[in-house]
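Okay, start.cif now, which holds mmCIF, N, CA and C atoms:
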data_input
loop_
_atom_site.label_atom_id
_atom_site.label_comp_id
_atom_site.auth_asym_id
_atom_site.auth_seq_id
_atom_site.Cartn_x
_atom_site.Cartn_y
_atom_site.Cartn_z
N MET A 3 93.96 -39.81 -44.19
CA MET A 3 93.81 -40.10 -42.79
C MET A 3 95.01 -39.56 -42.00
N TYR A 4 96.22 -39.72 -42.58
CA TYR A 4 97.42 -39.18 -41.92
C TYR A 4 97.28 -37.68 -41.70
N SER A 5 96.78 -37.00 -42.71
CA SER A 5 96.64 -35.54 -42.61
C SER A 5 95.68 -35.15 -41.50
N LEU A 6 94.59 -35.88 -41.36
CA LEU A 6 93.64 -35.60 -40.29
C LEU A 6 94.28 -35.82 -38.92
N ILE A 7 95.01 -36.90 -38.78
CA ILE A 7 95.67 -37.18 -37.51
C ILE A 7 96.66 -36.07 -37.19
N GLN A 8 97.48 -35.71 -38.16
CA GLN A 8 98.46 -34.66 -37.94
C GLN A 8 97.78 -33.32 -37.64
N HIS A 9 96.69 -33.04 -38.31
CA HIS A 9 95.95 -31.80 -38.07
C HIS A 9 95.47 -31.74 -36.62
N TYR A 10 94.83 -32.80 -36.17
CA TYR A 10 94.28 -32.79 -34.82
C TYR A 10 95.37 -32.84 -33.74
N LEU A 11 96.48 -33.49 -34.05
CA LEU A 11 97.61 -33.45 -33.11
C LEU A 11 98.13 -32.03 -32.99
N ALA A 12 98.32 -31.37 -34.13
CA ALA A 12 98.83 -29.99 -34.13
C ALA A 12 97.85 -29.03 -33.46
N ALA A 13 96.56 -29.31 -33.59
CA ALA A 13 95.54 -28.45 -32.98
C ALA A 13 95.35 -28.74 -31.50
N GLY A 14 95.99 -29.80 -31.02
CA GLY A 14 95.87 -30.14 -29.60
C GLY A 14 94.60 -30.90 -29.27
N ASP A 15 93.89 -31.36 -30.28
CA ASP A 15 92.66 -32.13 -30.08
C ASP A 15 93.04 -33.62 -30.07
N LEU A 16 93.58 -34.05 -28.94
CA LEU A 16 94.10 -35.42 -28.85
C LEU A 16 93.00 -36.48 -28.89
N GLU A 17 91.83 -36.14 -28.40
CA GLU A 17 90.73 -37.11 -28.44
C GLU A 17 90.37 -37.47 -29.88
N THR A 18 90.26 -36.46 -30.72
CA THR A 18 89.93 -36.71 -32.13
C THR A 18 91.09 -37.38 -32.84
N ALA A 19 92.31 -36.95 -32.56
CA ALA A 19 93.49 -37.59 -33.16
C ALA A 19 93.54 -39.07 -32.76
N GLU A 20 93.24 -39.35 -31.49
CA GLU A 20 93.24 -40.74 -31.02
C GLU A 20 92.17 -41.56 -31.75
N MET A 21 91.00 -40.98 -31.96
CA MET A 21 89.93 -41.69 -32.65
C MET A 21 90.35 -42.07 -34.07
N TYR A 22 90.88 -41.10 -34.81
CA TYR A 22 91.31 -41.39 -36.18
C TYR A 22 92.48 -42.37 -36.20
N CYS A 23 93.40 -42.20 -35.29
CA CYS A 23 94.57 -43.07 -35.26
C CYS A 23 94.19 -44.49 -34.87
N SER A 24 93.27 -44.63 -33.93
CA SER A 24 92.79 -45.97 -33.55
C SER A 24 92.13 -46.66 -34.74
N PHE A 25 91.31 -45.92 -35.46
CA PHE A 25 90.68 -46.48 -36.66
C PHE A 25 91.73 -46.91 -37.67
N LEU A 26 92.70 -46.06 -37.90
CA LEU A 26 93.75 -46.36 -38.88
C LEU A 26 94.56 -47.57 -38.46
N ALA A 27 94.94 -47.64 -37.19
CA ALA A 27 95.73 -48.77 -36.70
C ALA A 27 94.93 -50.07 -36.76
N GLU A 28 93.65 -49.99 -36.48
CA GLU A 28 92.79 -51.18 -36.53
C GLU A 28 92.62 -51.68 -37.96
N SER A 29 92.52 -50.76 -38.91
CA SER A 29 92.29 -51.16 -40.30
C SER A 29 93.59 -51.45 -41.05
N ASP A 30 94.72 -50.97 -40.55
CA ASP A 30 96.02 -51.21 -41.21
C ASP A 30 97.07 -51.45 -40.14
N LYS A 31 97.26 -52.70 -39.80
CA LYS A 31 98.16 -53.08 -38.71
C LYS A 31 99.63 -53.22 -39.15
N SER A 32 99.94 -52.84 -40.37
CA SER A 32 101.28 -53.09 -40.90
C SER A 32 102.24 -51.90 -40.78
N HIS A 33 101.77 -50.74 -40.33
CA HIS A 33 102.62 -49.56 -40.26
C HIS A 33 102.92 -49.21 -38.81
N TYR A 34 104.20 -49.20 -38.48
CA TYR A 34 104.62 -48.95 -37.10
C TYR A 34 104.19 -47.58 -36.59
N ASN A 35 104.17 -46.58 -37.48
CA ASN A 35 103.90 -45.22 -37.02
C ASN A 35 102.50 -45.05 -36.46
N HIS A 36 101.54 -45.83 -36.92
CA HIS A 36 100.19 -45.76 -36.34
C HIS A 36 100.25 -46.07 -34.84
N PHE A 37 101.04 -47.07 -34.50
CA PHE A 37 101.13 -47.51 -33.12
C PHE A 37 102.01 -46.58 -32.28
N VAL A 38 103.00 -45.97 -32.92
CA VAL A 38 103.81 -44.97 -32.21
C VAL A 38 102.92 -43.79 -31.83
N TRP A 39 102.12 -43.32 -32.78
CA TRP A 39 101.21 -42.21 -32.48
C TRP A 39 100.26 -42.57 -31.36
N LEU A 40 99.67 -43.78 -31.43
CA LEU A 40 98.76 -44.20 -30.36
C LEU A 40 99.48 -44.28 -29.02
N GLY A 41 100.71 -44.75 -29.04
CA GLY A 41 101.50 -44.80 -27.81
C GLY A 41 101.74 -43.41 -27.24
N GLN A 42 102.09 -42.49 -28.09
CA GLN A 42 102.35 -41.12 -27.64
C GLN A 42 101.09 -40.47 -27.09
N ILE A 43 99.97 -40.65 -27.77
CA ILE A 43 98.71 -40.08 -27.30
C ILE A 43 98.31 -40.72 -25.98
N SER A 44 98.43 -42.04 -25.89
CA SER A 44 98.08 -42.75 -24.66
C SER A 44 98.94 -42.30 -23.49
N ARG A 45 100.21 -42.02 -23.75
CA ARG A 45 101.10 -41.54 -22.68
C ARG A 45 100.60 -40.20 -22.15
N VAL A 46 100.18 -39.31 -23.04
CA VAL A 46 99.65 -38.01 -22.62
C VAL A 46 98.42 -38.19 -21.74
N PHE A 47 97.57 -39.15 -22.11
CA PHE A 47 96.36 -39.43 -21.32
C PHE A 47 96.66 -40.28 -20.08
N ARG A 48 97.94 -40.55 -19.86
CA ARG A 48 98.40 -41.37 -18.72
C ARG A 48 97.83 -42.79 -18.74
N LYS A 49 97.61 -43.30 -19.94
CA LYS A 49 97.21 -44.69 -20.13
C LYS A 49 98.49 -45.48 -20.39
N THR A 50 99.27 -45.66 -19.34
CA THR A 50 100.61 -46.22 -19.47
C THR A 50 100.60 -47.62 -20.09
N ASP A 51 99.71 -48.47 -19.64
CA ASP A 51 99.66 -49.84 -20.18
C ASP A 51 99.31 -49.84 -21.67
N VAL A 52 98.38 -48.99 -22.05
CA VAL A 52 97.98 -48.89 -23.46
C VAL A 52 99.13 -48.32 -24.29
N ALA A 53 99.80 -47.32 -23.75
CA ALA A 53 100.95 -46.73 -24.45
C ALA A 53 102.03 -47.78 -24.67
N LYS A 54 102.35 -48.53 -23.62
CA LYS A 54 103.40 -49.56 -23.73
C LYS A 54 103.01 -50.62 -24.76
N GLU A 55 101.77 -51.03 -24.73
CA GLU A 55 101.28 -52.04 -25.68
C GLU A 55 101.44 -51.55 -27.12
N ASN A 56 101.10 -50.29 -27.36
CA ASN A 56 101.22 -49.75 -28.71
C ASN A 56 102.66 -49.57 -29.15
N PHE A 57 103.52 -49.11 -28.25
CA PHE A 57 104.94 -48.99 -28.59
C PHE A 57 105.54 -50.37 -28.87
N GLU A 58 105.13 -51.37 -28.10
CA GLU A 58 105.64 -52.72 -28.33
C GLU A 58 105.17 -53.28 -29.67
N LYS A 59 103.94 -52.98 -30.08
CA LYS A 59 103.46 -53.37 -31.41
C LYS A 59 104.30 -52.71 -32.48
N ALA A 60 104.57 -51.43 -32.31
CA ALA A 60 105.40 -50.70 -33.28
C ALA A 60 106.79 -51.33 -33.37
N LEU A 61 107.35 -51.67 -32.23
CA LEU A 61 108.68 -52.28 -32.20
C LEU A 61 108.69 -53.62 -32.93
N ARG A 62 107.68 -54.44 -32.69
CA ARG A 62 107.61 -55.74 -33.38
C ARG A 62 107.50 -55.57 -34.89
N ILE A 63 106.71 -54.60 -35.32
CA ILE A 63 106.57 -54.34 -36.76
C ILE A 63 107.92 -53.96 -37.36
N CYS A 64 108.62 -53.07 -36.69
CA CYS A 64 109.93 -52.62 -37.19
C CYS A 64 110.94 -53.76 -37.24
N GLN A 65 110.98 -54.55 -36.19
CA GLN A 65 111.96 -55.64 -36.12
C GLN A 65 111.67 -56.73 -37.15
N ALA A 66 110.41 -56.88 -37.53
CA ALA A 66 110.03 -57.93 -38.47
C ALA A 66 110.19 -57.53 -39.93
N ASP A 67 110.33 -56.23 -40.19
CA ASP A 67 110.38 -55.75 -41.57
C ASP A 67 111.79 -55.90 -42.14
N GLU A 68 111.94 -56.86 -43.03
CA GLU A 68 113.24 -57.14 -43.64
C GLU A 68 113.58 -56.19 -44.79
N ASN A 69 112.60 -55.43 -45.26
CA ASN A 69 112.80 -54.58 -46.43
C ASN A 69 113.35 -53.19 -46.10
N TRP A 70 113.21 -52.76 -44.86
CA TRP A 70 113.72 -51.44 -44.49
C TRP A 70 115.24 -51.48 -44.39
N PRO A 71 115.91 -50.41 -44.80
CA PRO A 71 117.36 -50.35 -44.62
C PRO A 71 117.71 -50.40 -43.13
N LYS A 72 118.63 -51.25 -42.77
CA LYS A 72 118.96 -51.48 -41.36
C LYS A 72 119.44 -50.21 -40.66
N ASP A 73 120.17 -49.34 -41.36
CA ASP A 73 120.68 -48.13 -40.70
C ASP A 73 119.56 -47.18 -40.31
N SER A 74 118.55 -47.01 -41.17
CA SER A 74 117.45 -46.12 -40.81
C SER A 74 116.52 -46.78 -39.79
N MET A 75 116.35 -48.09 -39.87
CA MET A 75 115.50 -48.79 -38.92
C MET A 75 116.13 -48.79 -37.52
N ALA A 76 117.44 -48.82 -37.44
CA ALA A 76 118.11 -48.84 -36.14
C ALA A 76 117.74 -47.61 -35.31
N LYS A 77 117.68 -46.46 -35.93
CA LYS A 77 117.32 -45.23 -35.19
C LYS A 77 115.86 -45.27 -34.75
N ILE A 78 115.00 -45.72 -35.64
CA ILE A 78 113.57 -45.80 -35.30
C ILE A 78 113.36 -46.78 -34.16
N ILE A 79 114.01 -47.93 -34.23
CA ILE A 79 113.89 -48.93 -33.17
C ILE A 79 114.42 -48.37 -31.85
N ALA A 80 115.55 -47.69 -31.90
CA ALA A 80 116.11 -47.09 -30.68
C ALA A 80 115.16 -46.07 -30.08
N ASP A 81 114.52 -45.26 -30.92
CA ASP A 81 113.57 -44.26 -30.44
C ASP A 81 112.36 -44.92 -29.77
N ILE A 82 111.86 -45.98 -30.38
CA ILE A 82 110.71 -46.69 -29.79
C ILE A 82 111.12 -47.34 -28.46
N GLU A 83 112.30 -47.91 -28.42
CA GLU A 83 112.78 -48.51 -27.17
C GLU A 83 112.90 -47.46 -26.06
N LYS A 84 113.34 -46.26 -26.42
CA LYS A 84 113.40 -45.16 -25.44
C LYS A 84 112.01 -44.80 -24.93
N GLU A 85 111.04 -44.79 -25.83
CA GLU A 85 109.65 -44.52 -25.43
C GLU A 85 109.19 -45.55 -24.40
N ILE A 86 109.47 -46.81 -24.66
CA ILE A 86 109.07 -47.89 -23.74
C ILE A 86 109.79 -47.72 -22.40
N GLU A 87 111.08 -47.44 -22.44
CA GLU A 87 111.85 -47.24 -21.21
C GLU A 87 111.30 -46.07 -20.40
N SER A 88 110.90 -45.01 -21.10
CA SER A 88 110.39 -43.83 -20.39
C SER A 88 109.10 -44.14 -19.63
N LEU A 89 108.37 -45.13 -20.12
CA LEU A 89 107.12 -45.51 -19.44
C LEU A 89 107.40 -46.26 -18.13
N GLN A 90 108.56 -46.88 -18.04
CA GLN A 90 108.91 -47.64 -16.83
C GLN A 90 109.00 -46.70 -15.63
N ALA A 91 109.37 -45.44 -15.89
CA ALA A 91 109.55 -44.47 -14.81
C ALA A 91 108.23 -43.90 -14.31
N ILE A 92 107.17 -44.12 -15.05
CA ILE A 92 105.86 -43.55 -14.67
C ILE A 92 105.18 -44.46 -13.67
#
Would you mind giving the structure from this file in structure tokens?
Amino acid sequence: MYSLIQHYLAAGDLETAEMYCSFLAESDKSHYNHFVWLGQISRVFRKTDVAKENFEKALRICQADENWPKDSMAKIIADIEKEIESLQAI
């Protein structure tokens, strides 16, 4: 499923990438990257509220995961927070 999402993102077919990513996020709510991708796609479609909601889900997943090394998670969390902040300007 990841490969299909990446393929359609690279091909510029955001509608299909969004469809696969939505399915993946709905069926597996434990991975932050599914929601980051949905947030990024939603931002391109100017669905600001949907983008923010997905980035916030990703942020909650990252903050709740005690098993990830804190140093690598800190960068990911900072990047997601920047995504959310960037939506405030829209």
Applying 9 Å and only C-alpha atoms, which residues near range 15-27 of chain A remain after dropping the ones on its own chain fewer than 6 positions away? List them as a short mmCIF file (atom, residue, chain, number, x, y, z; two decimals) with N, CA and C atoms, in the frame of the given file.
data_model
loop_
_atom_site.label_atom_id
_atom_site.label_comp_id
_atom_site.auth_asym_id
_atom_site.auth_seq_id
_atom_site.Cartn_x
_atom_site.Cartn_y
_atom_site.Cartn_z
N MET A 3 93.96 -39.81 -44.19
CA MET A 3 93.81 -40.10 -42.79
C MET A 3 95.01 -39.56 -42.00
N TYR A 4 96.22 -39.72 -42.58
CA TYR A 4 97.42 -39.18 -41.92
C TYR A 4 97.28 -37.68 -41.70
N LEU A 6 94.59 -35.88 -41.36
CA LEU A 6 93.64 -35.60 -40.29
C LEU A 6 94.28 -35.82 -38.92
N ILE A 7 95.01 -36.90 -38.78
CA ILE A 7 95.67 -37.18 -37.51
C ILE A 7 96.66 -36.07 -37.19
N GLN A 8 97.48 -35.71 -38.16
CA GLN A 8 98.46 -34.66 -37.94
C GLN A 8 97.78 -33.32 -37.64
N HIS A 9 96.69 -33.04 -38.31
CA HIS A 9 95.95 -31.80 -38.07
C HIS A 9 95.47 -31.74 -36.62
N HIS A 33 101.77 -50.74 -40.33
CA HIS A 33 102.62 -49.56 -40.26
C HIS A 33 102.92 -49.21 -38.81
N TYR A 34 104.20 -49.20 -38.48
CA TYR A 34 104.62 -48.95 -37.10
C TYR A 34 104.19 -47.58 -36.59
N ASN A 35 104.17 -46.58 -37.48
CA ASN A 35 103.90 -45.22 -37.02
C ASN A 35 102.50 -45.05 -36.46
N HIS A 36 101.54 -45.83 -36.92
CA HIS A 36 100.19 -45.76 -36.34
C HIS A 36 100.25 -46.07 -34.84
N PHE A 37 101.04 -47.07 -34.50
CA PHE A 37 101.13 -47.51 -33.12
C PHE A 37 102.01 -46.58 -32.28
N TRP A 39 102.12 -43.32 -32.78
CA TRP A 39 101.21 -42.21 -32.48
C TRP A 39 100.26 -42.57 -31.36
N LEU A 40 99.67 -43.78 -31.43
CA LEU A 40 98.76 -44.20 -30.36
C LEU A 40 99.48 -44.28 -29.02
N ILE A 43 99.97 -40.65 -27.77
CA ILE A 43 98.71 -40.08 -27.30
C ILE A 43 98.31 -40.72 -25.98
N SER A 44 98.43 -42.04 -25.89
CA SER A 44 98.08 -42.75 -24.66
C SER A 44 98.94 -42.30 -23.49
N VAL A 46 100.18 -39.31 -23.04
CA VAL A 46 99.65 -38.01 -22.62
C VAL A 46 98.42 -38.19 -21.74
N PHE A 47 97.57 -39.15 -22.11
CA PHE A 47 96.36 -39.43 -21.32
C PHE A 47 96.66 -40.28 -20.08
#
Would you pick out the contacts of Val38 in chain A at 8 Å or less, using only N, CA and C atoms, so that residues sharing its chain but fewer than 5 positions from it are not included, and give the list as a PyMOL selection string?
chain A and resi 33+43-44+56-61+82
Run DSSP on the backbone and grab whatever in chain A lands in helix (DSSP H, G or I); send it over as a PyMOL selection string.
chain A and resi 4-13+16-29+34-46+50-66+72-90
Can you list, as a PyMOL selection string, every protein, DNA or RNA residue that comes within 8 Å of range 75-81 of chain A when you count only C-alpha atoms, leaving out same-chain residues fewer than 4 positions away?
chain A and resi 61+64-65+70-71+85
Could you check how far CA of Arg45 in chain A sits from atom N of Tyr10 in chain A, in Å to one decimal?
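For CA of Arg45 in chain A relative to atom N of Tyr10 in chain A, the distance reads 17.3 Å.
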Fewer than 3 positions away in the same chain doesn't count, so skip those; otherwise give me all residues within 7 Å of Leu89 in chain A, counting all atoms listed in the file, as a PyMOL selection string.
chain A and resi 50+54+84-86+92
Calculate how many Å separate atom C of Leu11 in chain A from CA of Glu28 in chain A, rounding to one decimal.
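Computed distance, atom C of Leu11 in chain A to CA of Glu28 in chain A, equals 20.2 Å.
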What's the separation between CA of Gly41 in chain A and CA of Glu87 in chain A, in Å to one decimal place?
12.5 Å
